[in-house]
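Student: Quick one: the structure is below, questions incoming.
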Amino acid sequence: MPAPASPVYALVDCNNFYVSVERVFNPKLEHRPVVVLSNNDGCAVARSPEAKALGIQMGAPWFQLQPLVKRHGLIGLSSNYTLYGDMSARVMQVLRTFTPDVEVYSIDESFLRLERMRQLWPCPAAMGQAIRTQVRQWTGIPVCVGIGPTKTLAKLANHIAKKHPRCGGVVDMTTFPERELVSLLSAIDVAKVWGVGRRIAARLAAMHIHTVEDLRRASPKAIRLQFSVVLERTVAELQGNSCLALEDVAPAKKQIVSSKSFGRMVLTRDELGEALSTYVGRAAEKLRAQKSVAGALQIFVMTNVFRETEPQYSNGIVIPLPLPTNDTMRLVAAALYGLKRIYKPGYAYKKCGVMLMDLSPQHQRQPSLLAQVDDVADHSNAVMSVLDSINARYGRDTLTIAAAGIRKDWAARSENKTPCYTTRWSELPKAWAH
DNA sequence: TCTGGGGTCCTAGGACCC
DNA sequence: TCTGGGGTCCTAGGACCC
């Protein structure tokens, strides 16, 4: 039997994803500084190259960028996650035409394993180029491809591909001679390594480990003693020993969170209750989509931490559920009960949220010893599937529960949002022939 | 006026058990 | 005077990711 081929990982990462999506539908955004804002139009979470060139940092608060709007014509778009989610699915679909070995890692990146398709291509880099071209042609989204013997090296290769346009958007580390690799990795800050954040970078610096090459030369065992098994694996991966496998089937989520800042301060328990009910509804939709039930729910409320001179209050509470459920009504009832316990009048609340925990598969639900619940459960299943199918067909929030409120004037700001071009009939882009 | 949201994993330490 | 040792489970906090 032939030895199994050593793994070849690719990381395909969309360039400035949210901005690129907006540009697909509005070419006037080309060549201009554009940022896409976080929820509530809070801060910049995606930047066009022109915006980066103006020195705008990731996470810069939008209100601080106002001078650039006047001086450089900076455009700030509210985020349109429905659109980005749909475009992401299209990109991933294209990747699957190249290989079934795809792990969707985030909304804008996927890991691929290439070696099963190896004989179809002259080299991995050629396959990388083909992926780039195809995704661009079929979706309009530019991507970069990094290739390496481990996920960590593929990530690094992708970083290099993004940084150096001369590479043509594809970097294949599997073919680098050792000498070249050493000089390349010696020039990259260790903080660029996947899994090395600010804190760890600072501690590494104290140990005179500054570059990727420094970390690659470290002993995994020594790193294990100072840090944890996580960083030990990172070092091993840098050395070419693959420790992180491709997860091509997405595991079910272990917790589901929905939380959001308000567009204005919220004072009353009623309004907090509306917001909480809204978020519980969202979280419960996600819960049912993965066919799980929750055994407990946590809620939290908080005032605005940035207003240091104002009285602050933040609190949370876990509410165990007598029976694991994914019924919006039951979950809302539990959340409102929790709110009653932790709400304090006299504070200006800025944010609240809910976390569904203790998730387990729907079909494994434990029957209760105490209650005759089967009829009730069947009834609630029926109601929830009607709710979900109507909303799937006619759009989110066509049907909601009354506790979530109607006016929702506490809702987050979203002042410059583009249409849902690809997911709403009424918002399809129009083209005229001349 | 104005500062995001949603996840995962690991470790240390306490509670508890035999 | 003198007070075991080993194991598991749970939780909070910290670190990271996009």
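Ordered as shown in the structure tokens, chains take letters A, B, and onward, while each chain numbers its residues from 1 and ligands are numbered from 1 in the order shown.
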Residues of chain B within 8 Å of chain A, counting only C-alpha atoms (C1' of nucleotides) - could you list those as number ranges by chain?
Tutor: B: 2-6, 10
Student: Which polymer residues have any atom within 12 Å of an atom of DG14 of chain C, counting only C-alpha atoms (C1' of nucleotides), with same-chain residues fewer than 4 positions away left out, as number ranges by chain?
Tutor: A: 199-200; B: 9-12
Student: Using the chain letters and numbers from this document, which residues of segment 6-223 of chain A does DSSP assign to strand (DSSP E), as a ChimeraX atom specification?
Tutor: /A:9-14,34-37,44-47,75-77,102-106,109-113,143-148,170-172
Student: So that I have them on file, write out the residues from the current selection with N, CA, C and O atoms, as a CSV table (one decimal), in the first residue's frame.
Tutor:
chain,number,residue,atom,x,y,z
A,9,TYR,N,-2.6,21.8,2.5
A,9,TYR,CA,-3.7,22.7,2.9
A,9,TYR,C,-3.7,24.0,2.1
A,9,TYR,O,-2.6,24.5,1.8
A,10,ALA,N,-4.9,24.5,1.8
A,10,ALA,CA,-5.0,25.8,1.2
A,10,ALA,C,-5.9,26.6,2.0
A,10,ALA,O,-6.9,26.1,2.6
A,11,LEU,N,-5.6,27.9,2.2
A,11,LEU,CA,-6.5,28.8,2.8
A,11,LEU,C,-7.0,29.8,1.8
A,11,LEU,O,-6.1,30.6,1.3
A,12,VAL,N,-8.3,29.8,1.5
A,12,VAL,CA,-8.8,30.8,0.6
A,12,VAL,C,-9.5,31.9,1.4
A,12,VAL,O,-10.4,31.6,2.2
A,13,ASP,N,-9.1,33.1,1.2
A,13,ASP,CA,-9.6,34.2,2.0
A,13,ASP,C,-10.0,35.4,1.1
A,13,ASP,O,-9.3,35.8,0.3
A,14,CYS,N,-11.2,35.8,1.3
A,14,CYS,CA,-11.7,36.9,0.5
A,14,CYS,C,-11.1,38.2,0.9
A,14,CYS,O,-10.9,38.5,2.1
A,34,VAL,N,-13.8,53.2,1.3
A,34,VAL,CA,-15.0,52.7,1.7
A,34,VAL,C,-14.8,51.9,3.0
A,34,VAL,O,-13.8,51.1,3.1
A,35,VAL,N,-15.6,52.1,4.0
A,35,VAL,CA,-15.6,51.2,5.1
A,35,VAL,C,-17.0,50.6,5.3
A,35,VAL,O,-18.0,51.3,5.0
A,36,VAL,N,-17.1,49.4,5.8
A,36,VAL,CA,-18.4,48.8,6.3
A,36,VAL,C,-18.4,48.9,7.8
A,36,VAL,O,-17.3,48.5,8.4
A,37,LEU,N,-19.5,49.3,8.4
A,37,LEU,CA,-19.5,49.5,9.8
A,37,LEU,C,-20.1,48.3,10.5
A,37,LEU,O,-20.9,47.6,10.0
A,44,ALA,N,-15.6,50.7,12.2
A,44,ALA,CA,-15.2,50.1,10.9
A,44,ALA,C,-14.8,48.7,11.1
A,44,ALA,O,-13.9,48.4,11.8
A,45,VAL,N,-15.4,47.7,10.4
A,45,VAL,CA,-15.0,46.3,10.5
A,45,VAL,C,-14.5,45.8,9.1
A,45,VAL,O,-14.0,44.7,9.1
A,46,ALA,N,-14.7,46.6,8.1
A,46,ALA,CA,-14.0,46.2,6.8
A,46,ALA,C,-13.6,47.5,6.1
A,46,ALA,O,-14.3,48.5,6.1
A,47,ARG,N,-12.4,47.4,5.4
A,47,ARG,CA,-11.9,48.7,4.8
A,47,ARG,C,-11.4,48.4,3.4
A,47,ARG,O,-10.7,47.4,3.2
A,75,ILE,N,-16.6,56.8,2.5
A,75,ILE,CA,-18.0,56.3,2.5
A,75,ILE,C,-18.1,55.3,3.6
A,75,ILE,O,-17.3,54.3,3.7
A,76,GLY,N,-19.1,55.4,4.5
A,76,GLY,CA,-19.4,54.4,5.5
A,76,GLY,C,-20.7,53.7,5.3
A,76,GLY,O,-21.8,54.4,5.3
A,77,LEU,N,-20.7,52.4,5.0
A,77,LEU,CA,-21.9,51.7,4.8
A,77,LEU,C,-22.3,50.9,6.0
A,77,LEU,O,-21.4,50.3,6.7
A,102,VAL,N,-13.6,20.7,1.9
A,102,VAL,CA,-13.7,22.1,2.3
A,102,VAL,C,-14.2,22.3,3.7
A,102,VAL,O,-15.1,21.7,4.1
A,103,GLU,N,-13.5,23.1,4.5
A,103,GLU,CA,-13.9,23.5,5.8
A,103,GLU,C,-14.2,25.0,5.8
A,103,GLU,O,-13.3,25.8,5.6
A,104,VAL,N,-15.5,25.3,5.9
A,104,VAL,CA,-15.8,26.8,6.0
A,104,VAL,C,-15.4,27.3,7.3
A,104,VAL,O,-16.0,26.9,8.3
A,105,TYR,N,-14.4,28.1,7.4
A,105,TYR,CA,-13.8,28.5,8.7
A,105,TYR,C,-14.5,29.8,9.2
A,105,TYR,O,-14.6,30.0,10.4
A,106,SER,N,-14.9,30.7,8.3
A,106,SER,CA,-15.6,31.9,8.7
A,106,SER,C,-16.4,32.4,7.5
A,106,SER,O,-16.3,31.8,6.5
A,109,GLU,N,-13.5,32.9,4.8
A,109,GLU,CA,-12.4,32.1,4.6
A,109,GLU,C,-12.8,30.6,4.7
A,109,GLU,O,-13.6,30.2,5.5
A,110,SER,N,-12.1,29.8,3.9
A,110,SER,CA,-12.2,28.4,3.9
A,110,SER,C,-10.9,27.7,3.8
A,110,SER,O,-10.0,28.2,3.1
A,111,PHE,N,-10.7,26.6,4.6
A,111,PHE,CA,-9.6,25.7,4.4
A,111,PHE,C,-9.9,24.6,3.4
A,111,PHE,O,-11.1,24.1,3.4
A,112,LEU,N,-9.0,24.3,2.5
A,112,LEU,CA,-9.2,23.2,1.6
A,112,LEU,C,-8.1,22.2,1.7
A,112,LEU,O,-7.0,22.6,2.1
A,113,ARG,N,-8.3,20.9,1.4
A,113,ARG,CA,-7.2,20.0,1.3
A,113,ARG,C,-7.1,19.7,-0.2
A,113,ARG,O,-8.1,19.3,-0.8
A,143,VAL,N,-10.2,36.9,-4.2
A,143,VAL,CA,-9.6,36.1,-3.1
A,143,VAL,C,-8.1,36.0,-3.2
A,143,VAL,O,-7.6,36.1,-4.3
A,144,CYS,N,-7.5,35.6,-2.1
A,144,CYS,CA,-6.1,35.2,-2.1
A,144,CYS,C,-6.0,33.8,-1.6
A,144,CYS,O,-6.8,33.4,-0.8
A,145,VAL,N,-5.0,33.0,-2.1
A,145,VAL,CA,-4.9,31.6,-1.7
A,145,VAL,C,-3.5,31.4,-1.1
A,145,VAL,O,-2.5,31.8,-1.7
A,146,GLY,N,-3.4,30.8,0.1
A,146,GLY,CA,-2.2,30.5,0.7
A,146,GLY,C,-2.1,28.9,0.8
A,146,GLY,O,-3.1,28.3,1.2
A,147,ILE,N,-1.0,28.4,0.5
A,147,ILE,CA,-0.9,26.9,0.4
A,147,ILE,C,0.3,26.5,1.3
A,147,ILE,O,1.4,27.1,1.3
A,148,GLY,N,0.1,25.4,2.1
A,148,GLY,CA,1.2,24.9,3.0
A,148,GLY,C,0.9,23.5,3.5
A,148,GLY,O,-0.2,23.0,3.3
A,170,VAL,N,-1.4,34.2,-5.0
A,170,VAL,CA,-1.2,32.9,-4.6
A,170,VAL,C,0.2,32.7,-4.1
A,170,VAL,O,1.1,33.0,-4.7
A,171,VAL,N,0.3,32.1,-2.9
A,171,VAL,CA,1.7,31.7,-2.4
A,171,VAL,C,1.6,30.3,-1.9
A,171,VAL,O,0.8,29.8,-1.2
A,172,ASP,N,2.6,29.5,-2.5
A,172,ASP,CA,2.7,28.1,-2.1
A,172,ASP,C,3.9,27.8,-1.3
A,172,ASP,O,5.0,27.8,-1.8
Student: Quick one: pull the distance between atom CA of Gly85 of chain A and atom CA of Ala412 of chain A, Å, one decimal.
Tutor: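 We find that atom CA of Gly85 of chain A and atom CA of Ala412 of chain A lie 19.6 Å from each other.
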Student: With only C-alpha atoms (C1' of nucleotides) as the basis for distance, which of A:Lys162, A:Pro345, A:Trp194, A:Asn391 is at the shortest distance from DC17 of chain C?
Tutor: A:Trp194
Student: Name the residues in contact with DT8 of chain C at a cut-off of 12 Å, using only C-alpha atoms (C1' of nucleotides), excluding same-chain residues fewer than 5 positions from it; report them as a ChimeraX atom specification.
Tutor: /B:15-18
Student: Now that the selection is made, can you save its residues with N, CA and C atoms (P, O5', C5', C4', C3', O3' and C1' of nucleotides) as a JSON list (two decimals), in the first residue's frame?
Tutor:
[["chain", "number", "residue", "atom", "x", "y", "z"],
["B", 15, "DA", "P", -14.69, 25.16, 47.92],
["B", 15, "DA", "O5'", -15.56, 24.01, 47.27],
["B", 15, "DA", "C5'", -16.53, 24.33, 46.29],
["B", 15, "DA", "C4'", -17.23, 23.06, 45.87],
["B", 15, "DA", "C3'", -17.57, 22.14, 47.04],
["B", 15, "DA", "O3'", -18.88, 21.63, 46.87],
["B", 15, "DA", "C1'", -16.19, 21.00, 45.47],
["B", 16, "DC", "P", -19.54, 20.81, 48.02],
["B", 16, "DC", "O5'", -19.25, 19.32, 47.58],
["B", 16, "DC", "C5'", -19.59, 18.94, 46.24],
["B", 16, "DC", "C4'", -18.97, 17.61, 45.95],
["B", 16, "DC", "C3'", -19.07, 16.61, 47.12],
["B", 16, "DC", "O3'", -19.93, 15.55, 46.73],
["B", 16, "DC", "C1'", -16.94, 16.55, 46.04],
["B", 17, "DC", "P", -20.34, 14.46, 47.76],
["B", 17, "DC", "O5'", -19.51, 13.21, 47.27],
["B", 17, "DC", "C5'", -19.46, 12.92, 45.87],
["B", 17, "DC", "C4'", -18.43, 11.84, 45.66],
["B", 17, "DC", "C3'", -18.40, 10.84, 46.81],
["B", 17, "DC", "O3'", -18.76, 9.55, 46.35],
["B", 17, "DC", "C1'", -16.20, 11.59, 46.24],
["B", 18, "DC", "P", -19.06, 8.43, 47.44],
["B", 18, "DC", "O5'", -17.73, 7.57, 47.41],
["B", 18, "DC", "C5'", -17.22, 7.10, 46.17],
["B", 18, "DC", "C4'", -15.84, 6.55, 46.41],
["B", 18, "DC", "C3'", -15.78, 5.61, 47.62],
["B", 18, "DC", "O3'", -15.24, 4.37, 47.24],
["B", 18, "DC", "C1'", -14.06, 7.27, 47.72]]
Student: List as a ChimeraX atom specification the protein and nucleic acid residues near Arg330 of chain A, meaning an atom at most 12 Å away when only C-alpha atoms (C1' of nucleotides) are counted, but skip any in the same chain fewer than 6 places from it.
Tutor: /A:277,280-281,284,293-297,319-324,336-337,376-377,380-381,384,401,403
Student: Run DSSP on the backbone and tell me which residues of segment 15-164 of chain A come out as helix (DSSP H, G or I); list them as a PyMOL selection string.
Tutor: chain A and resi 17-25+27-29+39-41+49-53+62-72+81-96+115-120+124-139+151-163
Student: Quick one, how far is atom CA of Glu285 of chain A from atom CA of Thr325 of chain A?
Tutor: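 Result for atom CA of Glu285 of chain A versus atom CA of Thr325 of chain A: 12.0 Å, one decimal.
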Student: Can you tell me how far atom CA of Glu274 of chain A sits from atom CA of Gly395 of chain A, in Å to one decimal?
Tutor: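 These atoms are spaced 20.2 Å apart.
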